[in-house]
Amino acid sequence: MSNTAAVSAGTKPRKLQINRRTKTIFFAVMILAVLFSVYLAGALLSDDLIQADFSKKGLPPSLEHPFGTDMLGRDMLVRTIKGLSVSIVVGVVASTVSAVIALIVGVAAATGTSWLDHFINWVIDLVMGIPHTVLLILISFACGKGLKGVLIGVAVTHWTGLARIIRSEVLQIRSQQYIEVSKKLGHSSWWITVHHILPHMIPQFVIGLILMFPHAIMHESSLTFLGFGLSPEQPAIGIILSESMKYLSTGMWWLAFFPGLMLVMIVLLFDRLGENVKKIVDPYSAHE
Amino acid sequence: MQIEARNISFQYRENTPWILKDVSLKIEEGERVGLVGPSGYGKSTLVKILAGYLKPTKGEVLLDGKPLPKKGVSPVQLIYQHPEKAINPRWKMKKVLQESGMFRDEVMDALGIERDWLERYPRELSGGELQRFCVARSLFEGTHFLFADEMSTMLDVITQAQIWNLMLKEVEERRLGLLMVTHNAYLAEKICARTIRLEEINTREE
């Protein structure tokens, strides 16, 4: 023991040299892997595992059913994972589409002519002015409800806030000296947008995407709860939570507790992922 | 080639005081001119107008008798006082040179740009090192006039001397027109063949 200590003191400890950047990338990849495996598990688990079985209805958490069973005797663990899988799909697709819309609209407003800017601001005010849930219900209903309706509804209503942020960021960047220099070096407005401005938008874009994710899930579940979203036989977290409301007063706490906890964990994992990605893409915070 | 400012007046908004009033000057290609004057007399404004970054309220800037080109590569390039503001903080230095097509060995050698700076971000270089990049990217084929707005004020004396030596060599070799703005009368005297005192040609009322 003392031998090895003396050796390591003499030759410098052979510790793995990992810098923060590598560590950050490692964590980001790990989180991504966890999220992806939850999605995959939900997508691959057979529907036979959540067949109704009234001999097992309303069981509290046990070794056999870690999350308990619901009033139809379905295993809550399987339902939760399947529900999270659906939520991840809805969250990722809807917020990505929304964030991309926000990016395009925001950059267009700040770069284009003034009438385009006025028009886009008017549309943003219009979308923000209508109560969110009403707009969501209308769009989801018009698009035929179900997963498709929810996706379209959430995607086309969540871009406004981020679009405003991106517009003002672009306006600020466009007044920088290096943009003026770039113009004098003969570069087109399009070239400047792609090479100078878009790289600056990555942190806003990523953070906006993260902040949209919980919103997307929340609105997905509220739409579903109101009957304009996913159909009740689909194991969405929104449906699980709204179902559990009926049984909470009878003391069946596990119906809401575990699915809710898992949902929070998934949301937090997305948040961590975003923070790590931000550190990787932003040279300022890379030195912190 | 020659660049001419004809009766330039400038104010930021209507009914605000004139920054510049009826300023005229001419610079020939191959000429080295210094522009001196007290703070707040509109030296930087004048240079920005000459380089086409600002539009004069009245008067015009002519390049060989024609107005400055609005689009495309400008034959008049401006080097700013703060290089860290004039370089995109998210770009590696290599891209700064590539932007103006000056990612070439002879340019980097002439300006003393070391190869391992190229893979760094701007905040990982000092002001003097950054300013060399700003000079390098302004020195492409189409440049005929180089305006330096207090280019070396923020640098220490040794770096100042280095950068000016490199600049002068390039300016001499390629017969560029140089207009430098400075507070430093000795520097102006050393570098320029002629000095313009802005308070003498700017007829605004105080």
# chains A, B, ... in the order shown; residues from 1 in each chain; ligands from 1
$ residues_around --residues "B:Lys48" --least-positions-apart "2" --cutoff "12 Å" --atoms "only C-alpha atoms" --output "PyMOL selection string"
(chain A and resi 177+180-181+184) or (chain B and resi 5+10+42-46+50-56+61+76-80+146-149+179+181)
$ write_last_selection --atoms "C-alpha atoms" --output "compact mmCIF listing (two decimals), in the first residue's frame"
# COMPACT_ATOMS: atom_id res chain seq x y z
CA GLN A 177 -19.00 46.46 -36.68
CA GLU A 180 -20.59 46.35 -41.56
CA VAL A 181 -17.09 45.19 -42.40
CA LYS A 184 -17.83 46.23 -47.30
CA ALA B 5 -15.36 64.53 -50.05
CA PHE B 10 -23.69 65.59 -41.17
CA GLY B 42 -16.20 64.47 -35.87
CA LYS B 43 -13.03 62.72 -36.96
CA SER B 44 -14.53 59.25 -36.74
CA THR B 45 -17.78 60.41 -38.29
CA LEU B 46 -15.92 61.88 -41.23
CA LEU B 50 -15.68 58.61 -46.44
CA ALA B 51 -15.66 54.81 -46.19
CA GLY B 52 -19.37 54.63 -46.93
CA TYR B 53 -20.46 53.39 -43.51
CA LEU B 54 -22.55 56.49 -42.88
CA LYS B 55 -24.54 58.58 -45.29
CA PRO B 56 -23.80 62.31 -45.20
CA VAL B 61 -18.23 61.26 -51.50
CA VAL B 76 -12.26 51.81 -49.49
CA GLN B 77 -11.65 49.82 -46.32
CA LEU B 78 -11.86 51.05 -42.75
CA ILE B 79 -9.87 49.69 -39.83
CA TYR B 80 -11.49 50.34 -36.48
CA LEU B 146 -7.17 52.33 -46.32
CA PHE B 147 -8.64 54.38 -43.49
CA ALA B 148 -7.36 53.77 -40.00
CA ASP B 149 -9.53 55.16 -37.24
CA LEU B 179 -5.89 58.24 -44.12
CA VAL B 181 -7.06 59.39 -37.60
$ interface_residues --of "chain B" --to "chain A" --cutoff "7 Å" --atoms "only C-alpha atoms" --output "VMD selection string"
chain B and resid 71 to 74 85 to 88 90 100
$ select_by_dssp --residues "stretch 142-196 of chain B" --states "helix (DSSP H, G or I)" --output "JSON, numbers by chain"
{"B": [157, 158, 159, 160, 161, 162, 163, 164, 165, 166, 167, 168, 169, 170, 171, 172, 173, 174, 185, 186, 187, 188, 189, 190, 191]}
$ write_last_selection --atoms "C-alpha atoms" --output "PDB file, in the first residue's frame"
ATOM      1  CA  VAL B 157       4.119  51.350 -28.032  1.00  0.00           C
ATOM      2  CA  ILE B 158       6.064  48.357 -29.301  1.00  0.00           C
ATOM      3  CA  THR B 159       3.031  46.756 -30.881  1.00  0.00           C
ATOM      4  CA  GLN B 160       2.050  50.120 -32.342  1.00  0.00           C
ATOM      5  CA  ALA B 161       5.424  50.427 -34.008  1.00  0.00           C
ATOM      6  CA  GLN B 162       5.269  46.883 -35.311  1.00  0.00           C
ATOM      7  CA  ILE B 163       1.837  47.242 -36.811  1.00  0.00           C
ATOM      8  CA  TRP B 164       2.611  50.588 -38.392  1.00  0.00           C
ATOM      9  CA  ASN B 165       5.814  49.270 -39.905  1.00  0.00           C
ATOM     10  CA  LEU B 166       3.929  46.382 -41.448  1.00  0.00           C
ATOM     11  CA  MET B 167       1.163  48.695 -42.613  1.00  0.00           C
ATOM     12  CA  LEU B 168       3.544  51.182 -44.183  1.00  0.00           C
ATOM     13  CA  LYS B 169       5.366  48.460 -46.050  1.00  0.00           C
ATOM     14  CA  GLU B 170       2.126  47.227 -47.578  1.00  0.00           C
ATOM     15  CA  VAL B 171       0.870  50.725 -48.294  1.00  0.00           C
ATOM     16  CA  GLU B 172       4.154  51.611 -49.992  1.00  0.00           C
ATOM     17  CA  GLU B 173       4.355  48.451 -52.063  1.00  0.00           C
ATOM     18  CA  ARG B 174       0.819  48.630 -53.313  1.00  0.00           C
ATOM     19  CA  ALA B 185       0.756  64.370 -33.425  1.00  0.00           C
ATOM     20  CA  TYR B 186       4.183  62.691 -33.397  1.00  0.00           C
ATOM     21  CA  LEU B 187       2.807  59.515 -34.915  1.00  0.00           C
ATOM     22  CA  ALA B 188       1.020  61.516 -37.595  1.00  0.00           C
ATOM     23  CA  GLU B 189       4.192  63.429 -38.356  1.00  0.00           C
ATOM     24  CA  LYS B 190       6.216  60.240 -38.614  1.00  0.00           C
ATOM     25  CA  ILE B 191       3.813  58.443 -40.905  1.00  0.00           C
TER      26      ILE B 191
END
$ residues_around --residues "stretch 247-258 of chain A" --least-positions-apart "2" --cutoff "9 Å" --atoms "only C-alpha atoms" --output "tab-separated table (two decimals) with C-alpha atoms, in the first residue's frame"
chain	number	residue	atom	x	y	z
A	58	GLY	CA	-55.75	-1.18	-7.94
A	59	LEU	CA	-52.64	-2.86	-6.51
A	60	PRO	CA	-50.19	-0.62	-4.59
A	61	PRO	CA	-46.52	-0.64	-5.65
A	67	PHE	CA	-45.48	1.51	-9.97
A	68	GLY	CA	-48.63	-0.39	-8.93
A	69	THR	CA	-51.62	-1.07	-11.17
A	70	ASP	CA	-54.59	1.05	-12.16
A	71	MET	CA	-58.32	0.36	-11.83
A	76	MET	CA	-48.39	1.43	-14.35
A	77	LEU	CA	-44.66	1.12	-15.07
A	80	THR	CA	-45.76	5.31	-17.78
A	240	ILE	CA	-52.68	8.85	-17.09
A	241	LEU	CA	-52.60	11.99	-14.95
A	242	SER	CA	-56.17	13.03	-15.72
A	243	GLU	CA	-57.40	9.49	-15.02
A	244	SER	CA	-55.57	9.40	-11.73
A	245	MET	CA	-57.37	12.54	-10.56
A	260	GLY	CA	-45.64	12.66	-12.53
A	261	LEU	CA	-42.18	12.09	-11.08
A	262	MET	CA	-40.99	10.42	-14.26
A	263	LEU	CA	-42.35	13.31	-16.31
$ residues_around --residues "B:Pro75" --least-positions-apart "6" --cutoff "7 Å" --atoms "only C-alpha atoms" --output "MDAnalysis selection string"
chainID B and resid 142:145
$ residues_around --residues "stretch 89-104 of chain A" --least-positions-apart "4" --cutoff "7 Å" --atoms "only C-alpha atoms" --output "list in words"
Ser85, Ala108, Leu151, Val154, Ala155, Val156, His158, Trp159, Thr160, Leu162, Ala163, Ile166, Phe205, Gly208, Leu209, Met212, Phe213, Ala216 and Ile217 of chain A
$ atom_distance --atom1 "atom CA of B:Arg204" --atom2 "atom CA of B:Ile19"
7.2 Å
$ residues_around --residues "B:Glu119" --least-positions-apart "5" --cutoff "8 Å" --atoms "only C-alpha atoms" --output "list in words"
Lys92, Met93 and Lys94 of chain B
$ write_last_selection --atoms "C-alpha atoms" --output "PDB file, in the first residue's frame"
ATOM      1  CA  LYS B  92     -12.042  31.174 -35.474  1.00  0.00           C
ATOM      2  CA  MET B  93      -9.364  33.530 -36.759  1.00  0.00           C
ATOM      3  CA  LYS B  94      -8.860  31.451 -39.890  1.00  0.00           C
TER       4      LYS B  94
END
$ select_by_dssp --residues "stretch 112-190 of chain B" --states "strand (DSSP E)" --output "PyMOL selection string"
chain B and resi 145-149+177-181
